[in-house]
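Quick notes on the structure that follows.
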Amino acid sequence: LNANALSVTVPQEKVELYVGETYQIEPVVETDLDVDTLLEYASGAEAVADVTADGLVTALGRGTTTITVTAPRGEKTASIELTVKLTDAQTVEEAEAIVQEIVDSIAVSNDTTQEDFQSALENALENAGLENVTVTVSELSVSLADVGAQGRITGSVSIQCAESEASVVIDRSIAALAPKTYELVVISGSGSGSYEEGAEVIVTAEEQEGMVFQRWEAEGITLADAAANPLSFKMPAGAVRLIAVYQEEPGGTETPGGTEEPGGTEEPGGTETPGGTEEPGGTETPGDTEKPGDTANPGKEDTHTPGKTGDSMPVGIWIALAVVCGGALIVIAAFRKEKES
């Protein structure tokens with residue numbers, strides 16, 4: 001027969017245990033019948049302590065929790081505030097683990113001193129809630145890592161809590177620093193990537209149809225020869241951007257009326273004037289053609305009167321007359337000499 005609980009009480013409402021110790025809860029239950037009733041037990045933090053169905057509590061870790069006793073029939077409860085502590089030896093043991101973690105991870109620099117290291121350890125122990133613990137750092141030596149070279153931390157830490165003590169040896173290597181690299185961006189060319197300061201870099205402008213490479217435009221560096229292709233330089237301590245600049249391939253242009261000549265244009269030649277024949281390098285003057293009956297007559301005096309039309313030619317002028325006949329060119333040369341009157 002399960003009676004209804006009228007009340008549930010516990011002998012101790014506050015209990016302290018060390019890690020590993022146990023405690024048996026012996027609640028007092030008042031019911032409406034003179035019989036026992038069903039009880040349930042629960043822990044608020046199982047990492048600190050757990051409790052069995054019979055009310056046996058086991059301390060597992062440092063901290064505080066609440067153990068609750070409940071009588072479902074009647075909805076009556078009672079609770080115990082449980083504090084779990086560490087023994088001195090356990091305190092030193094936990095402190096040792098914390099110190100080792102700090103030793104393995106603390107960041108150091110050129111300015112790190114032995115006092116800085118000890119202060120970091122004390123703060124870590126305080127944040128972890130460890131009390132009455134003394135830590136002492138001694139013989140600390142720090143050599144910083146560099147590019148390609150490991151660093152090292154050596155020394156020792158003594159830990160003490162009451163009569164319990166422990167020590168941690170500091171002997172930790174620091175990984176070598178990775179080389180610092182800087183970004184190179186090449187537009188219309190090859191060679192983009194990340195380079196260390198001082199690295200020899202070679203970039204090449206890509207070929208473009210109908211275009212000729214002219215120069216490099218640079219950001220982040222001053223080039224000794226901006227027209228070089230391929231271009232080589234030492235990577236500076238900073239990002240670099242290069243842009244290949246092109247121009248159209250050179251070529252002659254055709255001038256209307258003539259044919260293209262390399263390096264220049266053709267000058268228009270002579271044109272034929274209607275009524276006459278073309279003279280090389282010039283145009284024929286209309287009216288300078290031979291008239292019928294005006295053929296030269298050797299031995300006959302010239303009857304032309306000076307000053308008339310056709311008699312104003314200077315002495316010694318050769319007149320070339322061209323007659324096209326059946327595809328053949330006949331050139332008649334006449335020499336006319338002005339007689340002295």
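Simple scheme: letters A, B, ... for chains in structure tokens order, numbers from 1 for residues in each chain, numbers from 1 for ligands in the order shown.
For range 214-221 of chain A, the residues within 6 Å (counting only C-alpha atoms, excluding itself and residues fewer than 4 positions away along the chain) are A:Ala226, A:Ala227, A:Val240, A:Arg241, A:Leu242, A:Ile243, A:Ala244, A:Val245, A:Tyr246.
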Those selected residues, please, written with N, CA, C and O atoms and delivered as a compact mmCIF listing (two decimals), in the first residue's frame.
```
# COMPACT_ATOMS: atom_id res chain seq x y z
N ALA A 226 60.59 49.21 -67.35
CA ALA A 226 59.16 48.89 -67.49
C ALA A 226 58.82 48.31 -68.85
O ALA A 226 57.74 47.77 -69.03
N ALA A 227 59.76 48.39 -69.83
CA ALA A 227 59.49 47.85 -71.16
C ALA A 227 60.01 46.43 -71.34
O ALA A 227 59.84 45.84 -72.41
N VAL A 240 52.01 43.69 -54.88
CA VAL A 240 52.39 44.30 -56.16
C VAL A 240 51.33 43.97 -57.19
O VAL A 240 50.80 42.85 -57.22
N ARG A 241 51.03 44.95 -58.05
CA ARG A 241 50.08 44.75 -59.15
C ARG A 241 50.73 45.24 -60.44
O ARG A 241 51.21 46.38 -60.50
N LEU A 242 50.75 44.39 -61.47
CA LEU A 242 51.34 44.72 -62.76
C LEU A 242 50.29 44.59 -63.85
O LEU A 242 49.54 43.62 -63.87
N ILE A 243 50.26 45.57 -64.76
CA ILE A 243 49.33 45.55 -65.89
C ILE A 243 50.12 45.68 -67.18
O ILE A 243 50.89 46.63 -67.35
N ALA A 244 49.96 44.72 -68.10
CA ALA A 244 50.62 44.77 -69.39
C ALA A 244 49.87 45.74 -70.30
O ALA A 244 48.66 45.64 -70.45
N VAL A 245 50.62 46.68 -70.91
CA VAL A 245 50.03 47.67 -71.80
C VAL A 245 50.46 47.36 -73.23
O VAL A 245 51.65 47.11 -73.49
N TYR A 246 49.52 47.41 -74.17
CA TYR A 246 49.79 47.05 -75.56
C TYR A 246 49.44 48.23 -76.48
O TYR A 246 48.73 49.15 -76.10
```
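Of all the residues in range 202-233 of chain A, the ones DSSP labels as strand (DSSP E) from the backbone are Ile202, Val203, Thr204, Ala205, Met211, Val212, Phe213, Gln214, Arg215, Trp216, Glu217, Ala218, Glu219, Leu231, Ser232 and Phe233 of chain A.
Take CA of Thr181 in chain A and CA of Thr222 in chain A: the distance between them is 18.9 Å.
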Taking 4 positions as the minimum chain separation for residues in the same chain, which residues sit within 8 Å of range 80-89 of chain A when counting only C-alpha atoms? Answer as a PDB file with all heavy atoms, in the first residue's frame.
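File written: result-v1.pdb
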```
ATOM      1  N   VAL A  10      15.015  16.080   5.642  1.00  0.00           N
ATOM      2  CA  VAL A  10      16.314  15.404   5.638  1.00  0.00           C
ATOM      3  C   VAL A  10      17.077  15.845   6.881  1.00  0.00           C
ATOM      4  O   VAL A  10      16.894  16.974   7.360  1.00  0.00           O
ATOM      5  CB  VAL A  10      17.118  15.742   4.369  1.00  0.00           C
ATOM      6  CG1 VAL A  10      16.487  15.102   3.137  1.00  0.00           C
ATOM      7  CG2 VAL A  10      17.243  17.249   4.175  1.00  0.00           C
ATOM      8  N   GLN A  12      20.247  16.617   7.258  1.00  0.00           N
ATOM      9  CA  GLN A  12      21.187  17.713   6.989  1.00  0.00           C
ATOM     10  C   GLN A  12      20.802  18.401   5.679  1.00  0.00           C
ATOM     11  O   GLN A  12      20.684  17.744   4.636  1.00  0.00           O
ATOM     12  CB  GLN A  12      22.626  17.179   6.853  1.00  0.00           C
ATOM     13  CG  GLN A  12      23.193  16.605   8.145  1.00  0.00           C
ATOM     14  CD  GLN A  12      24.581  16.036   7.914  1.00  0.00           C
ATOM     15  OE1 GLN A  12      24.723  14.883   7.519  1.00  0.00           O
ATOM     16  NE2 GLN A  12      25.603  16.852   8.182  1.00  0.00           N
ATOM     17  N   GLU A  13      20.628  19.697   5.749  1.00  0.00           N
ATOM     18  CA  GLU A  13      20.293  20.433   4.533  1.00  0.00           C
ATOM     19  C   GLU A  13      21.541  20.924   3.795  1.00  0.00           C
ATOM     20  O   GLU A  13      21.455  21.323   2.638  1.00  0.00           O
ATOM     21  CB  GLU A  13      19.384  21.617   4.872  1.00  0.00           C
ATOM     22  CG  GLU A  13      18.010  21.187   5.376  1.00  0.00           C
ATOM     23  CD  GLU A  13      17.111  22.366   5.652  1.00  0.00           C
ATOM     24  OE1 GLU A  13      17.638  23.520   5.658  1.00  0.00           O
ATOM     25  OE2 GLU A  13      15.903  22.159   5.851  1.00  0.00           O
ATOM     26  N   LYS A  14      22.689  20.889   4.466  1.00  0.00           N
ATOM     27  CA  LYS A  14      23.957  21.243   3.828  1.00  0.00           C
ATOM     28  C   LYS A  14      24.976  20.167   4.137  1.00  0.00           C
ATOM     29  O   LYS A  14      25.177  19.809   5.307  1.00  0.00           O
ATOM     30  CB  LYS A  14      24.466  22.598   4.314  1.00  0.00           C
ATOM     31  CG  LYS A  14      23.593  23.776   3.877  1.00  0.00           C
ATOM     32  CD  LYS A  14      24.208  25.098   4.303  1.00  0.00           C
ATOM     33  CE  LYS A  14      23.370  26.265   3.828  1.00  0.00           C
ATOM     34  NZ  LYS A  14      23.976  27.574   4.204  1.00  0.00           N
ATOM     35  N   VAL A  15      25.650  19.692   3.098  1.00  0.00           N
ATOM     36  CA  VAL A  15      26.629  18.607   3.243  1.00  0.00           C
ATOM     37  C   VAL A  15      27.873  18.979   2.451  1.00  0.00           C
ATOM     38  O   VAL A  15      27.780  19.502   1.328  1.00  0.00           O
ATOM     39  CB  VAL A  15      26.052  17.270   2.743  1.00  0.00           C
ATOM     40  CG1 VAL A  15      27.106  16.171   2.798  1.00  0.00           C
ATOM     41  CG2 VAL A  15      24.813  16.894   3.561  1.00  0.00           C
ATOM     42  N   GLU A  16      29.050  18.695   3.002  1.00  0.00           N
ATOM     43  CA  GLU A  16      30.328  18.893   2.298  1.00  0.00           C
ATOM     44  C   GLU A  16      31.019  17.545   2.162  1.00  0.00           C
ATOM     45  O   GLU A  16      31.116  16.785   3.136  1.00  0.00           O
ATOM     46  CB  GLU A  16      31.231  19.859   3.053  1.00  0.00           C
ATOM     47  CG  GLU A  16      30.746  21.292   3.035  1.00  0.00           C
ATOM     48  CD  GLU A  16      31.748  22.244   3.667  1.00  0.00           C
ATOM     49  OE1 GLU A  16      32.781  21.756   4.192  1.00  0.00           O
ATOM     50  OE2 GLU A  16      31.515  23.464   3.643  1.00  0.00           O
ATOM     51  N   LEU A  17      31.531  17.284   0.987  1.00  0.00           N
ATOM     52  CA  LEU A  17      32.258  16.049   0.713  1.00  0.00           C
ATOM     53  C   LEU A  17      33.527  16.382  -0.061  1.00  0.00           C
ATOM     54  O   LEU A  17      33.594  17.397  -0.765  1.00  0.00           O
ATOM     55  CB  LEU A  17      31.400  15.083  -0.104  1.00  0.00           C
ATOM     56  CG  LEU A  17      30.090  14.567   0.510  1.00  0.00           C
ATOM     57  CD1 LEU A  17      29.341  13.715  -0.521  1.00  0.00           C
ATOM     58  CD2 LEU A  17      30.360  13.761   1.777  1.00  0.00           C
ATOM     59  N   TYR A  18      34.501  15.499   0.063  1.00  0.00           N
ATOM     60  CA  TYR A  18      35.673  15.573  -0.810  1.00  0.00           C
ATOM     61  C   TYR A  18      35.432  14.642  -1.992  1.00  0.00           C
ATOM     62  O   TYR A  18      34.649  13.682  -1.907  1.00  0.00           O
ATOM     63  CB  TYR A  18      36.944  15.170  -0.049  1.00  0.00           C
ATOM     64  CG  TYR A  18      37.395  16.225   0.945  1.00  0.00           C
ATOM     65  CD1 TYR A  18      37.162  16.045   2.309  1.00  0.00           C
ATOM     66  CD2 TYR A  18      38.060  17.368   0.511  1.00  0.00           C
ATOM     67  CE1 TYR A  18      37.568  17.007   3.230  1.00  0.00           C
ATOM     68  CE2 TYR A  18      38.460  18.326   1.419  1.00  0.00           C
ATOM     69  CZ  TYR A  18      38.219  18.150   2.773  1.00  0.00           C
ATOM     70  OH  TYR A  18      38.608  19.098   3.687  1.00  0.00           O
ATOM     71  N   VAL A  19      36.099  14.959  -3.051  1.00  0.00           N
ATOM     72  CA  VAL A  19      35.929  14.134  -4.261  1.00  0.00           C
ATOM     73  C   VAL A  19      36.238  12.682  -3.908  1.00  0.00           C
ATOM     74  O   VAL A  19      37.266  12.360  -3.299  1.00  0.00           O
ATOM     75  CB  VAL A  19      36.850  14.623  -5.390  1.00  0.00           C
ATOM     76  CG1 VAL A  19      36.825  13.653  -6.569  1.00  0.00           C
ATOM     77  CG2 VAL A  19      36.443  16.019  -5.857  1.00  0.00           C
ATOM     78  N   VAL A  48      29.271  16.877 -10.651  1.00  0.00           N
ATOM     79  CA  VAL A  48      29.728  17.129  -9.281  1.00  0.00           C
ATOM     80  C   VAL A  48      29.406  15.931  -8.386  1.00  0.00           C
ATOM     81  O   VAL A  48      30.243  15.480  -7.588  1.00  0.00           O
ATOM     82  CB  VAL A  48      29.078  18.405  -8.726  1.00  0.00           C
ATOM     83  CG1 VAL A  48      29.465  18.625  -7.251  1.00  0.00           C
ATOM     84  CG2 VAL A  48      29.479  19.609  -9.561  1.00  0.00           C
ATOM     85  N   ALA A  49      28.187  15.400  -8.512  1.00  0.00           N
ATOM     86  CA  ALA A  49      27.786  14.247  -7.693  1.00  0.00           C
ATOM     87  C   ALA A  49      26.614  13.543  -8.350  1.00  0.00           C
ATOM     88  O   ALA A  49      25.806  14.156  -9.052  1.00  0.00           O
ATOM     89  CB  ALA A  49      27.402  14.689  -6.283  1.00  0.00           C
ATOM     90  N   ALA A  59      30.472  11.894  -4.451  1.00  0.00           N
ATOM     91  CA  ALA A  59      31.093  13.141  -4.893  1.00  0.00           C
ATOM     92  C   ALA A  59      32.060  12.838  -6.034  1.00  0.00           C
ATOM     93  O   ALA A  59      32.959  12.010  -5.898  1.00  0.00           O
ATOM     94  CB  ALA A  59      31.830  13.802  -3.739  1.00  0.00           C
ATOM     95  N   LEU A  60      31.870  13.519  -7.150  1.00  0.00           N
ATOM     96  CA  LEU A  60      32.672  13.219  -8.346  1.00  0.00           C
ATOM     97  C   LEU A  60      33.641  14.334  -8.722  1.00  0.00           C
ATOM     98  O   LEU A  60      34.721  14.062  -9.247  1.00  0.00           O
ATOM     99  CB  LEU A  60      31.737  12.942  -9.525  1.00  0.00           C
ATOM    100  CG  LEU A  60      30.757  11.788  -9.346  1.00  0.00           C
ATOM    101  CD1 LEU A  60      29.840  11.692 -10.560  1.00  0.00           C
ATOM    102  CD2 LEU A  60      31.514  10.487  -9.124  1.00  0.00           C
ATOM    103  N   GLY A  61      33.244  15.561  -8.525  1.00  0.00           N
ATOM    104  CA  GLY A  61      34.112  16.668  -8.935  1.00  0.00           C
ATOM    105  C   GLY A  61      33.865  17.904  -8.115  1.00  0.00           C
ATOM    106  O   GLY A  61      32.819  18.069  -7.485  1.00  0.00           O
ATOM    107  N   ARG A  62      34.890  18.788  -8.119  1.00  0.00           N
ATOM    108  CA  ARG A  62      34.799  20.013  -7.332  1.00  0.00           C
ATOM    109  C   ARG A  62      33.648  20.880  -7.833  1.00  0.00           C
ATOM    110  O   ARG A  62      33.459  21.078  -9.037  1.00  0.00           O
ATOM    111  CB  ARG A  62      36.119  20.757  -7.452  1.00  0.00           C
ATOM    112  CG  ARG A  62      36.212  22.039  -6.708  1.00  0.00           C
ATOM    113  CD  ARG A  62      37.663  22.529  -6.719  1.00  0.00           C
ATOM    114  NE  ARG A  62      38.199  22.585  -8.060  1.00  0.00           N
ATOM    115  CZ  ARG A  62      38.100  23.632  -8.880  1.00  0.00           C
ATOM    116  NH1 ARG A  62      37.428  24.710  -8.468  1.00  0.00           N
ATOM    117  NH2 ARG A  62      38.639  23.619 -10.070  1.00  0.00           N
ATOM    118  N   GLY A  63      32.859  21.409  -6.876  1.00  0.00           N
ATOM    119  CA  GLY A  63      31.740  22.246  -7.238  1.00  0.00           C
ATOM    120  C   GLY A  63      30.597  22.097  -6.254  1.00  0.00           C
ATOM    121  O   GLY A  63      30.737  21.488  -5.183  1.00  0.00           O
ATOM    122  N   THR A  64      29.458  22.666  -6.621  1.00  0.00           N
ATOM    123  CA  THR A  64      28.268  22.573  -5.772  1.00  0.00           C
ATOM    124  C   THR A  64      27.088  22.086  -6.594  1.00  0.00           C
ATOM    125  O   THR A  64      27.030  22.291  -7.815  1.00  0.00           O
ATOM    126  CB  THR A  64      27.908  23.944  -5.162  1.00  0.00           C
ATOM    127  OG1 THR A  64      27.660  24.880  -6.216  1.00  0.00           O
ATOM    128  CG2 THR A  64      29.018  24.462  -4.268  1.00  0.00           C
ATOM    129  N   THR A  65      26.156  21.423  -5.933  1.00  0.00           N
ATOM    130  CA  THR A  65      24.943  20.945  -6.594  1.00  0.00           C
ATOM    131  C   THR A  65      23.848  20.780  -5.547  1.00  0.00           C
ATOM    132  O   THR A  65      24.102  20.854  -4.332  1.00  0.00           O
ATOM    133  CB  THR A  65      25.182  19.618  -7.337  1.00  0.00           C
ATOM    134  OG1 THR A  65      24.022  19.293  -8.090  1.00  0.00           O
ATOM    135  CG2 THR A  65      25.491  18.487  -6.366  1.00  0.00           C
ATOM    136  N   THR A  66      22.637  20.512  -6.007  1.00  0.00           N
ATOM    137  CA  THR A  66      21.493  20.269  -5.123  1.00  0.00           C
ATOM    138  C   THR A  66      20.978  18.856  -5.344  1.00  0.00           C
ATOM    139  O   THR A  66      20.724  18.453  -6.485  1.00  0.00           O
ATOM    140  CB  THR A  66      20.364  21.272  -5.402  1.00  0.00           C
ATOM    141  OG1 THR A  66      20.852  22.599  -5.156  1.00  0.00           O
ATOM    142  CG2 THR A  66      19.172  21.007  -4.495  1.00  0.00           C
ATOM    143  N   ILE A  67      20.854  18.109  -4.252  1.00  0.00           N
ATOM    144  CA  ILE A  67      20.267  16.773  -4.306  1.00  0.00           C
ATOM    145  C   ILE A  67      18.813  16.905  -3.824  1.00  0.00           C
ATOM    146  O   ILE A  67      18.548  17.416  -2.723  1.00  0.00           O
ATOM    147  CB  ILE A  67      21.015  15.776  -3.392  1.00  0.00           C
ATOM    148  CG1 ILE A  67      22.520  15.766  -3.732  1.00  0.00           C
ATOM    149  CG2 ILE A  67      20.411  14.388  -3.509  1.00  0.00           C
ATOM    150  CD1 ILE A  67      22.817  15.313  -5.143  1.00  0.00           C
ATOM    151  N   THR A  68      17.881  16.450  -4.633  1.00  0.00           N
ATOM    152  CA  THR A  68      16.452  16.614  -4.334  1.00  0.00           C
ATOM    153  C   THR A  68      15.816  15.262  -4.006  1.00  0.00           C
ATOM    154  O   THR A  68      16.062  14.268  -4.700  1.00  0.00           O
ATOM    155  CB  THR A  68      15.712  17.242  -5.524  1.00  0.00           C
ATOM    156  OG1 THR A  68      16.347  18.478  -5.844  1.00  0.00           O
ATOM    157  CG2 THR A  68      14.253  17.489  -5.176  1.00  0.00           C
ATOM    158  N   GLU A  93      47.077  18.392  -7.539  1.00  0.00           N
ATOM    159  CA  GLU A  93      46.998  17.606  -8.772  1.00  0.00           C
ATOM    160  C   GLU A  93      46.240  18.377  -9.866  1.00  0.00           C
ATOM    161  O   GLU A  93      46.669  18.411 -11.025  1.00  0.00           O
ATOM    162  CB  GLU A  93      46.295  16.273  -8.486  1.00  0.00           C
ATOM    163  CG  GLU A  93      46.259  15.338  -9.674  1.00  0.00           C
ATOM    164  CD  GLU A  93      45.581  14.028  -9.332  1.00  0.00           C
ATOM    165  OE1 GLU A  93      45.314  13.774  -8.134  1.00  0.00           O
ATOM    166  OE2 GLU A  93      45.307  13.243 -10.275  1.00  0.00           O
ATOM    167  N   CYS A 161      50.012  23.401  -1.852  1.00  0.00           N
ATOM    168  CA  CYS A 161      48.742  23.623  -1.179  1.00  0.00           C
ATOM    169  C   CYS A 161      48.834  22.914   0.177  1.00  0.00           C
ATOM    170  O   CYS A 161      48.825  21.671   0.239  1.00  0.00           O
ATOM    171  CB  CYS A 161      47.581  23.067  -1.990  1.00  0.00           C
ATOM    172  SG  CYS A 161      45.974  23.298  -1.234  1.00  0.00           S
ATOM    173  N   ALA A 162      48.925  23.729   1.227  1.00  0.00           N
ATOM    174  CA  ALA A 162      49.116  23.180   2.574  1.00  0.00           C
ATOM    175  C   ALA A 162      50.346  22.279   2.574  1.00  0.00           C
ATOM    176  O   ALA A 162      51.427  22.725   2.222  1.00  0.00           O
ATOM    177  CB  ALA A 162      47.871  22.446   3.032  1.00  0.00           C
ATOM    178  N   GLU A 163      50.151  21.006   2.921  1.00  0.00           N
ATOM    179  CA  GLU A 163      51.286  20.089   2.985  1.00  0.00           C
ATOM    180  C   GLU A 163      51.535  19.364   1.667  1.00  0.00           C
ATOM    181  O   GLU A 163      52.489  18.602   1.565  1.00  0.00           O
ATOM    182  CB  GLU A 163      51.056  19.051   4.095  1.00  0.00           C
ATOM    183  CG  GLU A 163      50.899  19.639   5.482  1.00  0.00           C
ATOM    184  CD  GLU A 163      52.148  20.417   5.891  1.00  0.00           C
ATOM    185  OE1 GLU A 163      53.277  19.962   5.596  1.00  0.00           O
ATOM    186  OE2 GLU A 163      51.987  21.484   6.524  1.00  0.00           O
ATOM    187  N   SER A 164      50.692  19.607   0.722  1.00  0.00           N
ATOM    188  CA  SER A 164      50.840  18.920  -0.569  1.00  0.00           C
ATOM    189  C   SER A 164      51.535  19.853  -1.559  1.00  0.00           C
ATOM    190  O   SER A 164      51.306  21.069  -1.572  1.00  0.00           O
ATOM    191  CB  SER A 164      49.474  18.517  -1.127  1.00  0.00           C
ATOM    192  OG  SER A 164      48.824  17.617  -0.254  1.00  0.00           O
ATOM    193  N   GLU A 165      52.373  19.270  -2.385  1.00  0.00           N
ATOM    194  CA  GLU A 165      53.093  20.068  -3.367  1.00  0.00           C
ATOM    195  C   GLU A 165      53.404  19.241  -4.601  1.00  0.00           C
ATOM    196  O   GLU A 165      53.360  18.015  -4.574  1.00  0.00           O
ATOM    197  CB  GLU A 165      54.386  20.623  -2.763  1.00  0.00           C
ATOM    198  CG  GLU A 165      55.348  19.565  -2.285  1.00  0.00           C
ATOM    199  CD  GLU A 165      56.597  20.179  -1.649  1.00  0.00           C
ATOM    200  OE1 GLU A 165      56.597  21.407  -1.403  1.00  0.00           O
ATOM    201  OE2 GLU A 165      57.555  19.431  -1.422  1.00  0.00           O
TER     202      GLU A 165
END
```
What lies within 8 Å of range 229-232 of chain A using only C-alpha atoms, ignoring chain neighbours under 5 positions off, as a short mmCIF file (atom, residue, chain, number, x, y, z; two decimals) with N, CA and C atoms, in the first residue's frame?
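See result-v6.cif below for the written result:
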```cif
data_model
loop_
_atom_site.label_atom_id
_atom_site.label_comp_id
_atom_site.auth_asym_id
_atom_site.auth_seq_id
_atom_site.Cartn_x
_atom_site.Cartn_y
_atom_site.Cartn_z
N GLU A 200 63.12 36.19 -56.18
CA GLU A 200 63.26 36.58 -57.59
C GLU A 200 61.98 36.21 -58.33
N VAL A 201 61.37 37.19 -58.97
CA VAL A 201 60.09 37.00 -59.65
C VAL A 201 60.27 37.28 -61.14
N ILE A 202 59.68 36.44 -61.99
CA ILE A 202 59.70 36.64 -63.44
C ILE A 202 58.26 36.62 -63.94
N VAL A 203 57.88 37.68 -64.65
CA VAL A 203 56.54 37.75 -65.23
C VAL A 203 56.67 37.96 -66.73
N THR A 204 55.69 37.46 -67.47
CA THR A 204 55.71 37.56 -68.93
C THR A 204 54.35 38.03 -69.43
N ALA A 205 54.37 39.02 -70.31
CA ALA A 205 53.12 39.51 -70.90
C ALA A 205 52.63 38.49 -71.93
#
```
(request) Report as an NGL selection string: the residues of range 14-202 of chain A with a DSSP assignment of alpha helix (DSSP H), based on the backbone of this structure. (result) :A and (88-105 or 114-127)
(message) Which residues are near Pro179 in chain A? Cut-off 8 Å, only C-alpha atoms, ignore same chain within fewer than 6 positions. Put them as a PyMOL selection string.
(response) chain A and resi 147-148+196
Within 7 Å of range 95-101 of chain A, counting only C-alpha atoms, which residues show up once you throw out same-chain ones fewer than 5 positions away? Write them as a PDB file with C-alpha atoms, in the first residue's frame, please.
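In the end it all went to result_35.pdb:
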```pdb
ATOM      1  CA  LEU A 121      49.613  31.009 -14.033  1.00  0.00           C
ATOM      2  CA  LEU A 125      44.356  29.030 -11.152  1.00  0.00           C
ATOM      3  CA  VAL A 168      56.009  21.196 -13.339  1.00  0.00           C
TER       4      VAL A 168
END
```
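You will find CA of Gly20 in chain A at 25.5 Å from CA of Val135 in chain A.
For the atom pair formed by CA of Pro250 in chain A and CA of Ser188 in chain A, the distance is 20.8 Å, given to one decimal.
Closest approach to Glu183 in chain A among A:Ala128, A:Ala239, A:Ser143, A:Ile159 is made by A:Ala239 (distances from only C-alpha atoms).
Taking only C-alpha atoms into account, Val8 in chain A lies nearest to A:Ala78 out of the set A:Thr31, A:Gly191, A:Asp50, A:Ala78.
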